[in-house]
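Visitor: Handing over structure13.pdb, PDB, C-alpha atoms.
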```pdb
MODEL        1
ATOM      1  CA  MET A 934      99.022  40.524 -43.680
ATOM      2  CA  PRO A 935      95.199  40.688 -44.078
ATOM      3  CA  LYS A 936      93.434  44.022 -43.815
ATOM      4  CA  PRO A 937      91.484  44.578 -40.581
ATOM      5  CA  SER A 938      87.738  44.066 -40.879
ATOM      6  CA  LEU A 939      85.628  47.191 -41.065
ATOM      7  CA  LYS A 940      82.408  45.334 -40.284
ATOM      8  CA  ASP A 941      82.050  46.672 -36.712
ATOM      9  CA  ALA A 942      82.759  50.237 -37.819
ATOM     10  CA  ILE A 943      80.177  49.925 -40.599
ATOM     11  CA  LEU A 944      77.551  48.518 -38.219
ATOM     12  CA  GLU A 945      78.217  51.222 -35.633
ATOM     13  CA  ALA A 946      77.984  53.931 -38.291
ATOM     14  CA  GLY A 947      74.840  52.303 -39.674
ATOM     15  CA  LEU A 948      73.179  52.406 -36.288
ATOM     16  CA  LYS A 949      73.805  56.138 -36.004
ATOM     17  CA  VAL A 950      72.818  56.899 -39.601
ATOM     18  CA  MET A 951      69.607  54.823 -39.474
ATOM     19  CA  PHE A 952      68.566  56.578 -36.283
ATOM     20  CA  ARG A 953      68.990  59.898 -38.055
ATOM     21  CA  THR A 954      67.575  59.146 -41.518
ATOM     22  CA  GLY A 955      65.611  55.888 -41.192
ATOM     23  CA  TYR A 956      65.857  52.684 -43.181
ATOM     24  CA  HIS A 957      64.710  54.049 -46.541
ATOM     25  CA  GLY A 958      66.604  57.305 -46.111
ATOM     26  CA  THR A 959      69.903  55.531 -45.444
ATOM     27  CA  SER A 960      72.113  54.660 -48.378
ATOM     28  CA  VAL A 961      75.144  52.409 -48.485
ATOM     29  CA  ARG A 962      77.179  55.494 -49.354
ATOM     30  CA  ASP A 963      75.883  57.309 -46.231
ATOM     31  CA  VAL A 964      76.941  54.403 -44.041
ATOM     32  CA  THR A 965      80.371  53.833 -45.567
ATOM     33  CA  THR A 966      81.120  57.566 -45.515
ATOM     34  CA  ALA A 967      80.172  57.747 -41.822
ATOM     35  CA  ALA A 968      82.346  54.685 -41.138
ATOM     36  CA  GLY A 969      85.273  56.019 -43.158
ATOM     37  CA  ALA A 970      85.183  52.831 -45.219
ATOM     38  CA  PRO A 971      85.202  52.178 -48.956
ATOM     39  CA  GLN A 972      81.854  51.087 -50.425
ATOM     40  CA  GLY A 973      83.356  47.729 -51.364
ATOM     41  CA  SER A 974      83.762  46.961 -47.662
ATOM     42  CA  PHE A 975      79.996  47.061 -47.269
ATOM     43  CA  THR A 976      79.399  44.462 -49.967
ATOM     44  CA  ASN A 977      82.209  42.304 -48.562
ATOM     45  CA  HIS A 978      80.334  42.003 -45.250
ATOM     46  CA  PHE A 979      76.642  42.293 -46.156
ATOM     47  CA  ARG A 980      74.763  40.636 -48.997
ATOM     48  CA  SER A 981      72.084  43.353 -49.034
ATOM     49  CA  LYS A 982      70.841  46.462 -47.285
ATOM     50  CA  GLU A 983      68.185  44.284 -45.616
ATOM     51  CA  ALA A 984      70.809  41.922 -44.212
ATOM     52  CA  PHE A 985      72.781  44.930 -42.995
ATOM     53  CA  ALA A 986      69.702  46.458 -41.323
ATOM     54  CA  SER A 987      68.996  43.119 -39.655
ATOM     55  CA  GLU A 988      72.489  43.102 -38.130
ATOM     56  CA  VAL A 989      72.087  46.737 -37.064
ATOM     57  CA  LEU A 990      68.852  45.708 -35.337
ATOM     58  CA  ASP A 991      70.662  42.850 -33.600
ATOM     59  CA  ARG A 992      73.307  45.263 -32.348
ATOM     60  CA  TYR A 993      70.645  47.680 -31.113
ATOM     61  CA  PHE A 994      68.684  44.869 -29.455
ATOM     62  CA  ASP A 995      71.843  43.757 -27.637
ATOM     63  CA  LEU A 996      71.970  47.235 -26.081
ATOM     64  CA  THR A 997      68.267  47.016 -25.260
ATOM     65  CA  ARG A 998      68.722  43.633 -23.576
ATOM     66  CA  GLY A 999      71.330  45.244 -21.338
ATOM     67  CA  LEU A1000      68.915  48.002 -20.294
ATOM     68  CA  VAL A1001      66.162  45.461 -19.650
ATOM     69  CA  ALA A1002      68.505  43.400 -17.469
ATOM     70  CA  GLU A1003      69.685  46.506 -15.603
ATOM     71  CA  ALA A1004      66.110  47.301 -14.589
ATOM     72  CA  LEU A1005      64.299  43.982 -14.377
ATOM     73  CA  GLN A1006      67.038  41.987 -12.673
ATOM     74  CA  ASP A1007      67.527  44.516  -9.878
ATOM     75  CA  VAL A1008      66.188  42.367  -7.029
ATOM     76  CA  SER A1009      66.640  45.219  -4.561
ATOM     77  CA  LEU A1010      63.399  46.577  -6.069
ATOM     78  CA  SER A1011      59.931  45.053  -6.098
ATOM     79  CA  PRO A1012      58.833  43.655  -9.484
ATOM     80  CA  ARG A1013      56.399  46.544  -9.999
ATOM     81  CA  ALA A1014      59.161  49.048  -9.186
ATOM     82  CA  ARG A1015      61.466  47.265 -11.653
ATOM     83  CA  LEU A1016      58.947  47.833 -14.451
ATOM     84  CA  LYS A1017      58.828  51.540 -13.576
ATOM     85  CA  ARG A1018      62.627  51.592 -13.374
ATOM     86  CA  TYR A1019      62.910  50.355 -16.966
ATOM     87  CA  LEU A1020      60.636  53.138 -18.217
ATOM     88  CA  ASP A1021      62.622  55.677 -16.204
ATOM     89  CA  ILE A1022      65.930  54.438 -17.661
ATOM     90  CA  ILE A1023      64.573  54.721 -21.206
ATOM     91  CA  THR A1024      63.069  58.151 -20.488
ATOM     92  CA  GLY A1025      66.473  59.343 -19.298
ATOM     93  CA  ARG A1026      68.143  58.116 -22.475
ATOM     94  CA  LEU A1027      65.483  59.742 -24.647
ATOM     95  CA  GLU A1028      65.879  62.994 -22.736
ATOM     96  CA  ALA A1029      69.651  62.878 -23.310
ATOM     97  CA  ASP A1030      68.860  62.817 -27.051
ATOM     98  CA  GLY A1031      66.577  65.830 -26.762
ATOM     99  CA  PHE A1032      63.449  63.717 -27.285
ATOM    100  CA  GLY A1033      64.210  63.662 -31.010
ATOM    101  CA  ARG A1034      65.387  60.092 -31.326
ATOM    102  CA  GLY A1035      63.215  57.170 -30.305
ATOM    103  CA  CYS A1036      63.616  53.423 -30.497
ATOM    104  CA  LEU A1037      65.149  51.875 -33.599
ATOM    105  CA  ILE A1038      62.995  48.769 -33.137
ATOM    106  CA  GLY A1039      59.838  50.888 -33.217
ATOM    107  CA  ASP A1040      61.115  53.085 -36.033
ATOM    108  CA  LEU A1041      61.945  50.142 -38.296
ATOM    109  CA  SER A1042      58.687  48.423 -37.367
ATOM    110  CA  LEU A1043      56.851  51.378 -38.877
ATOM    111  CA  GLU A1044      59.101  52.011 -41.807
ATOM    112  CA  ALA A1045      60.487  48.716 -43.076
ATOM    113  CA  THR A1046      57.944  45.981 -42.400
ATOM    114  CA  GLY A1047      55.835  46.888 -45.430
ATOM    115  CA  SER A1048      58.766  46.562 -47.813
ATOM    116  CA  SER A1049      60.962  43.887 -46.235
ATOM    117  CA  GLU A1050      59.683  40.494 -45.149
ATOM    118  CA  MET A1051      63.136  39.694 -43.742
ATOM    119  CA  LEU A1052      63.018  42.700 -41.422
ATOM    120  CA  ARG A1053      59.370  42.087 -40.517
ATOM    121  CA  VAL A1054      60.205  38.550 -39.387
ATOM    122  CA  ARG A1055      63.295  39.712 -37.484
ATOM    123  CA  LEU A1056      61.282  42.424 -35.725
ATOM    124  CA  ALA A1057      58.551  39.931 -34.804
ATOM    125  CA  ASP A1058      61.233  37.703 -33.268
ATOM    126  CA  ILE A1059      62.682  40.667 -31.371
ATOM    127  CA  PHE A1060      59.298  41.609 -29.922
ATOM    128  CA  ALA A1061      58.665  37.974 -28.904
ATOM    129  CA  GLU A1062      62.022  37.784 -27.120
ATOM    130  CA  TRP A1063      61.675  41.268 -25.633
ATOM    131  CA  ARG A1064      58.343  40.303 -24.063
ATOM    132  CA  VAL A1065      59.787  37.368 -22.074
ATOM    133  CA  PRO A1066      61.588  39.234 -19.247
ATOM    134  CA  PHE A1067      58.682  41.667 -18.896
ATOM    135  CA  ALA A1068      56.183  38.808 -18.660
ATOM    136  CA  ALA A1069      58.366  37.138 -16.020
ATOM    137  CA  CYS A1070      58.561  40.339 -13.978
ATOM    138  CA  ILE A1071      54.806  40.886 -14.290
ATOM    139  CA  ALA A1072      54.125  37.280 -13.261
ATOM    140  CA  GLU A1073      56.293  37.802 -10.176
ATOM    141  CA  ALA A1074      54.429  41.024  -9.366
ATOM    142  CA  GLN A1075      51.098  39.185  -9.716
ATOM    143  CA  THR A1076      52.302  36.331  -7.490
ATOM    144  CA  ARG A1077      53.329  38.858  -4.831
ATOM    145  CA  GLY A1078      49.969  40.602  -5.143
ATOM    146  CA  GLU A1079      51.524  43.846  -6.371
ATOM    147  CA  ILE A1080      49.388  44.049  -9.502
ATOM    148  CA  ALA A1081      46.104  42.428 -10.482
ATOM    149  CA  SER A1082      45.989  39.046 -12.189
ATOM    150  CA  ASP A1083      43.085  39.962 -14.492
ATOM    151  CA  PHE A1084      45.287  39.435 -17.560
ATOM    152  CA  GLU A1085      47.989  36.941 -18.401
ATOM    153  CA  PRO A1086      51.545  38.238 -17.876
ATOM    154  CA  GLU A1087      52.335  37.833 -21.610
ATOM    155  CA  GLU A1088      49.332  39.975 -22.551
ATOM    156  CA  LEU A1089      50.352  42.684 -20.117
ATOM    157  CA  ALA A1090      53.938  42.551 -21.377
ATOM    158  CA  ASP A1091      52.709  42.980 -24.958
ATOM    159  CA  PHE A1092      50.507  45.866 -23.859
ATOM    160  CA  LEU A1093      53.394  47.529 -22.027
ATOM    161  CA  LEU A1094      55.832  47.277 -24.944
ATOM    162  CA  ALA A1095      53.337  48.233 -27.663
ATOM    163  CA  SER A1096      51.890  51.166 -25.745
ATOM    164  CA  TRP A1097      55.337  52.381 -24.723
ATOM    165  CA  GLN A1098      56.415  52.313 -28.377
ATOM    166  CA  GLY A1099      53.388  54.455 -29.225
ATOM    167  CA  ALA A1100      54.300  56.922 -26.483
ATOM    168  CA  ILE A1101      57.851  57.120 -27.847
ATOM    169  CA  LEU A1102      56.546  57.847 -31.362
ATOM    170  CA  ARG A1103      54.355  60.635 -30.026
ATOM    171  CA  MET A1104      57.301  61.983 -28.011
ATOM    172  CA  LYS A1105      59.320  62.261 -31.230
ATOM    173  CA  VAL A1106      56.544  64.263 -32.869
ATOM    174  CA  ASP A1107      56.119  66.613 -29.910
ATOM    175  CA  ARG A1108      59.844  66.745 -29.019
ATOM    176  CA  ASN A1109      58.986  66.622 -25.318
ATOM    177  CA  PRO A1110      58.376  63.968 -22.638
ATOM    178  CA  LYS A1111      54.644  64.556 -22.104
ATOM    179  CA  ALA A1112      53.526  61.382 -23.921
ATOM    180  CA  LEU A1113      55.998  59.297 -21.913
ATOM    181  CA  GLN A1114      54.874  60.834 -18.640
ATOM    182  CA  ARG A1115      51.200  60.381 -19.581
ATOM    183  CA  PHE A1116      51.773  56.704 -20.411
ATOM    184  CA  LYS A1117      53.609  56.022 -17.148
ATOM    185  CA  THR A1118      50.992  57.799 -15.056
ATOM    186  CA  ILE A1119      47.983  56.133 -16.664
ATOM    187  CA  ALA A1120      49.553  52.674 -16.950
ATOM    188  CA  PHE A1121      50.624  52.592 -13.314
ATOM    189  CA  GLN A1122      47.364  54.049 -12.019
ATOM    190  CA  THR A1123      45.201  51.601 -13.976
ATOM    191  CA  VAL A1124      46.753  48.475 -15.547
ATOM    192  CA  PHE A1125      49.739  48.135 -13.210
ATOM    193  CA  LYS A1126      48.152  49.842 -10.230
ATOM    194  CA  GLU A1127      49.291  48.852  -6.792
ATOM    195  CA  LEU A1128      46.832  46.577  -5.018
ATOM    196  CA  THR A1129      45.743  47.643  -1.531
TER     197      THR A1129
ENDMDL
END
```
Can the structure from this file be put into structure tokens for me?
Guide:
Amino acid sequence: MPKPSLKDAILEAGLKVMFRTGYHGTSVRDVTTAAGAPQGSFTNHFRSKEAFASEVLDRYFDLTRGLVAEALQDVSLSPRARLKRYLDIITGRLEADGFGRGCLIGDLSLEATGSSEMLRVRLADIFAEWRVPFAACIAEAQTRGEIASDFEPEELADFLLASWQGAILRMKVDRNPKALQRFKTIAFQTVFKELT
């Protein structure tokens, strides 16, 4: 009888360890110890640490897609309110972590893109895909006259995601929600302000 695969346990442990210690601070030994798996199991499933980190990112992005759908597909809310809802959902999750853990996509964008072309390309693809539902929601809000049409929806979606990532990084430094609150207030009073 074949041994059960430890791949999922290793990926789940890797997600937790990378959040805590980052890409460069995470060793194969750290991950396999956290997963309760022998080191050989890692090399059976992943050809390199980069390939492993890419799969961890995919797993994290799957969770992110779920949060995006939860907020942006809630048709009981206006499109503008859906955008705010997403930021509120993320703020709640960050608060539950004591404002000490941010977004793995943002963290690896800072840490790994200078040393790993594979991860840089994967992160670029993630940001491109991540932008799509936000651009669609913004386009709907513009069509309904909820927010101004001065900028293309894709540009506003890029602005929202990039600026929000910056606010999350600052939140991690300060260990409080002030940067998140500041971003939401300014963004929704200027860029995404309600038209009258």
Visitor: So that I can check the surroundings of A:Leu948, please list as an MDAnalysis selection string every protein, DNA and RNA residue that reaches within 9 Å of it, counting all atoms listed in the file and ignoring chain neighbours fewer than 6 positions away.
Guide: chainID A and resid 964 986 989:990 992:993 1037
Visitor: Please produce a file of those selected residues containing C-alpha atoms, as a tab-separated table (two decimals), in the frame of the given file.
Guide:
```
chain	number	residue	atom	x	y	z
A	964	VAL	CA	76.94	54.40	-44.04
A	986	ALA	CA	69.70	46.46	-41.32
A	989	VAL	CA	72.09	46.74	-37.06
A	990	LEU	CA	68.85	45.71	-35.34
A	992	ARG	CA	73.31	45.26	-32.35
A	993	TYR	CA	70.64	47.68	-31.11
A	1037	LEU	CA	65.15	51.88	-33.60
```
Visitor: Which polymer residues have any atom within 10 Å of an atom of A:Leu1094, counting only C-alpha atoms, with same-chain residues fewer than 5 positions away left out, as a PyMOL selection string?
Guide: chain A and resi 1039+1060+1063-1064+1067+1089+1099-1100
Visitor: As a check of understanding, name the residues that the PyMOL selection byres ((chain A and resi 998-1004) around 9) selects in the supplied structure, as a short mmCIF file (atom, residue, chain, number, x, y, z; two decimals) with C-alpha atoms, in the coordinates of the input.
Guide:
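File produced: result_8.cif:
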```cif
data_model
loop_
_atom_site.label_atom_id
_atom_site.label_comp_id
_atom_site.auth_asym_id
_atom_site.auth_seq_id
_atom_site.Cartn_x
_atom_site.Cartn_y
_atom_site.Cartn_z
CA TYR A 993 70.64 47.68 -31.11
CA PHE A 994 68.68 44.87 -29.46
CA ASP A 995 71.84 43.76 -27.64
CA LEU A 996 71.97 47.24 -26.08
CA THR A 997 68.27 47.02 -25.26
CA LEU A 1005 64.30 43.98 -14.38
CA GLN A 1006 67.04 41.99 -12.67
CA ASP A 1007 67.53 44.52 -9.88
CA LEU A 1010 63.40 46.58 -6.07
CA ALA A 1014 59.16 49.05 -9.19
CA ARG A 1015 61.47 47.26 -11.65
CA LEU A 1016 58.95 47.83 -14.45
CA LYS A 1017 58.83 51.54 -13.58
CA ARG A 1018 62.63 51.59 -13.37
CA TYR A 1019 62.91 50.36 -16.97
CA LEU A 1020 60.64 53.14 -18.22
CA ILE A 1022 65.93 54.44 -17.66
CA ILE A 1023 64.57 54.72 -21.21
CA TRP A 1063 61.68 41.27 -25.63
CA PRO A 1066 61.59 39.23 -19.25
CA PHE A 1067 58.68 41.67 -18.90
#
```
Visitor: Atom CA of A:Gly1033 and atom CA of A:Asp1107 are how many Å apart?
Guide: 8.7 Å
Visitor: Compile the contact shell of A:Val961 as a ChimeraX atom specification: residues with an atom at most 9 Å away, counting all atoms listed in the file, same-chain residues fewer than 6 positions apart removed.
Guide: /A:947,972,975,982
Visitor: Could the residues in this selection be written to a file with C-alpha atoms, as a PDB file, in the coordinates of the input?
Guide:
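Dumped everything to again-v6.pdb:
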```pdb
ATOM      1  CA  GLY A 947      74.840  52.303 -39.674  1.00  0.00           C
ATOM      2  CA  GLN A 972      81.854  51.087 -50.425  1.00  0.00           C
ATOM      3  CA  PHE A 975      79.996  47.061 -47.269  1.00  0.00           C
ATOM      4  CA  LYS A 982      70.841  46.462 -47.285  1.00  0.00           C
TER       5      LYS A 982
END
```
Visitor: Using all atoms listed in the file and a cutoff of 10 Å, can you tell me which residues are near (80.4, 51.3, -44.7) in the file's coordinates, and write them out as a list in words?
Guide: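 All residues meeting the 10 Å criterion around (80.4, 51.3, -44.7) are Leu939, Lys940, Asp941, Ala942, Ile943, Leu944, Glu945, Ala946, Gly947, Ser960, Val961, Arg962, Asp963, Val964, Thr965, Thr966, Ala967, Ala968, Gly969, Ala970, Pro971, Gln972, Gly973, Ser974, Phe975, Thr976, Asn977, His978 and Phe979 of chain A.
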Visitor: Please list as a PDB file with C-alpha atoms, keeping the file's coordinate frame every residue within 9 Å of stretch 1026-1029 of chain A, counting all atoms listed in the file and excluding residues in the same chain fewer than 4 positions away.
Guide:
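Done, and the output landed in around-v4.pdb:
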```pdb
ATOM      1  CA  ASP A1021      62.622  55.677 -16.204  1.00  0.00           C
ATOM      2  CA  ILE A1022      65.930  54.438 -17.661  1.00  0.00           C
ATOM      3  CA  GLY A1033      64.210  63.662 -31.010  1.00  0.00           C
ATOM      4  CA  ARG A1034      65.387  60.092 -31.326  1.00  0.00           C
ATOM      5  CA  GLY A1035      63.215  57.170 -30.305  1.00  0.00           C
ATOM      6  CA  CYS A1036      63.616  53.423 -30.497  1.00  0.00           C
ATOM      7  CA  ILE A1101      57.851  57.120 -27.847  1.00  0.00           C
ATOM      8  CA  ASN A1109      58.986  66.622 -25.318  1.00  0.00           C
ATOM      9  CA  PRO A1110      58.376  63.968 -22.638  1.00  0.00           C
TER      10      PRO A1110
END
```
Visitor: With distances taken over all atoms listed in the file, which of A:Ile1038, A:Thr959, A:Phe1125, A:Trp1097 is nearest to A:Ile1071?
Guide: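 Checking each of A:Ile1038, A:Thr959, A:Phe1125, A:Trp1097 against A:Ile1071, counting all atoms listed in the file, the winner is A:Phe1125.
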Visitor: Once the PyMOL selection byres ((chain A and resi 1088) around 12) is applied to the coordinates I shared, what remains selected? I want it as an mmCIF file with C-alpha atoms, in the coordinates of the input.
Guide:
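For reference, out_23.cif as written:
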```cif
data_model
loop_
_atom_site.group_PDB
_atom_site.id
_atom_site.type_symbol
_atom_site.label_atom_id
_atom_site.label_comp_id
_atom_site.auth_asym_id
_atom_site.auth_seq_id
_atom_site.Cartn_x
_atom_site.Cartn_y
_atom_site.Cartn_z
ATOM 1 C CA ALA A 1061 58.665 37.974 -28.904
ATOM 2 C CA ARG A 1064 58.343 40.303 -24.063
ATOM 3 C CA VAL A 1065 59.787 37.368 -22.074
ATOM 4 C CA PHE A 1067 58.682 41.667 -18.896
ATOM 5 C CA ALA A 1068 56.183 38.808 -18.660
ATOM 6 C CA ALA A 1069 58.366 37.138 -16.020
ATOM 7 C CA ILE A 1071 54.806 40.886 -14.290
ATOM 8 C CA ALA A 1072 54.125 37.280 -13.261
ATOM 9 C CA SER A 1082 45.989 39.046 -12.189
ATOM 10 C CA ASP A 1083 43.085 39.962 -14.492
ATOM 11 C CA PHE A 1084 45.287 39.435 -17.560
ATOM 12 C CA GLU A 1085 47.989 36.941 -18.401
ATOM 13 C CA PRO A 1086 51.545 38.238 -17.876
ATOM 14 C CA GLU A 1087 52.335 37.833 -21.610
ATOM 15 C CA LEU A 1089 50.352 42.684 -20.117
ATOM 16 C CA ALA A 1090 53.938 42.551 -21.377
ATOM 17 C CA ASP A 1091 52.709 42.980 -24.958
ATOM 18 C CA PHE A 1092 50.507 45.866 -23.859
ATOM 19 C CA LEU A 1093 53.394 47.529 -22.027
ATOM 20 C CA LEU A 1094 55.832 47.277 -24.944
ATOM 21 C CA ALA A 1095 53.337 48.233 -27.663
ATOM 22 C CA SER A 1096 51.890 51.166 -25.745
ATOM 23 C CA VAL A 1124 46.753 48.475 -15.547
#
```
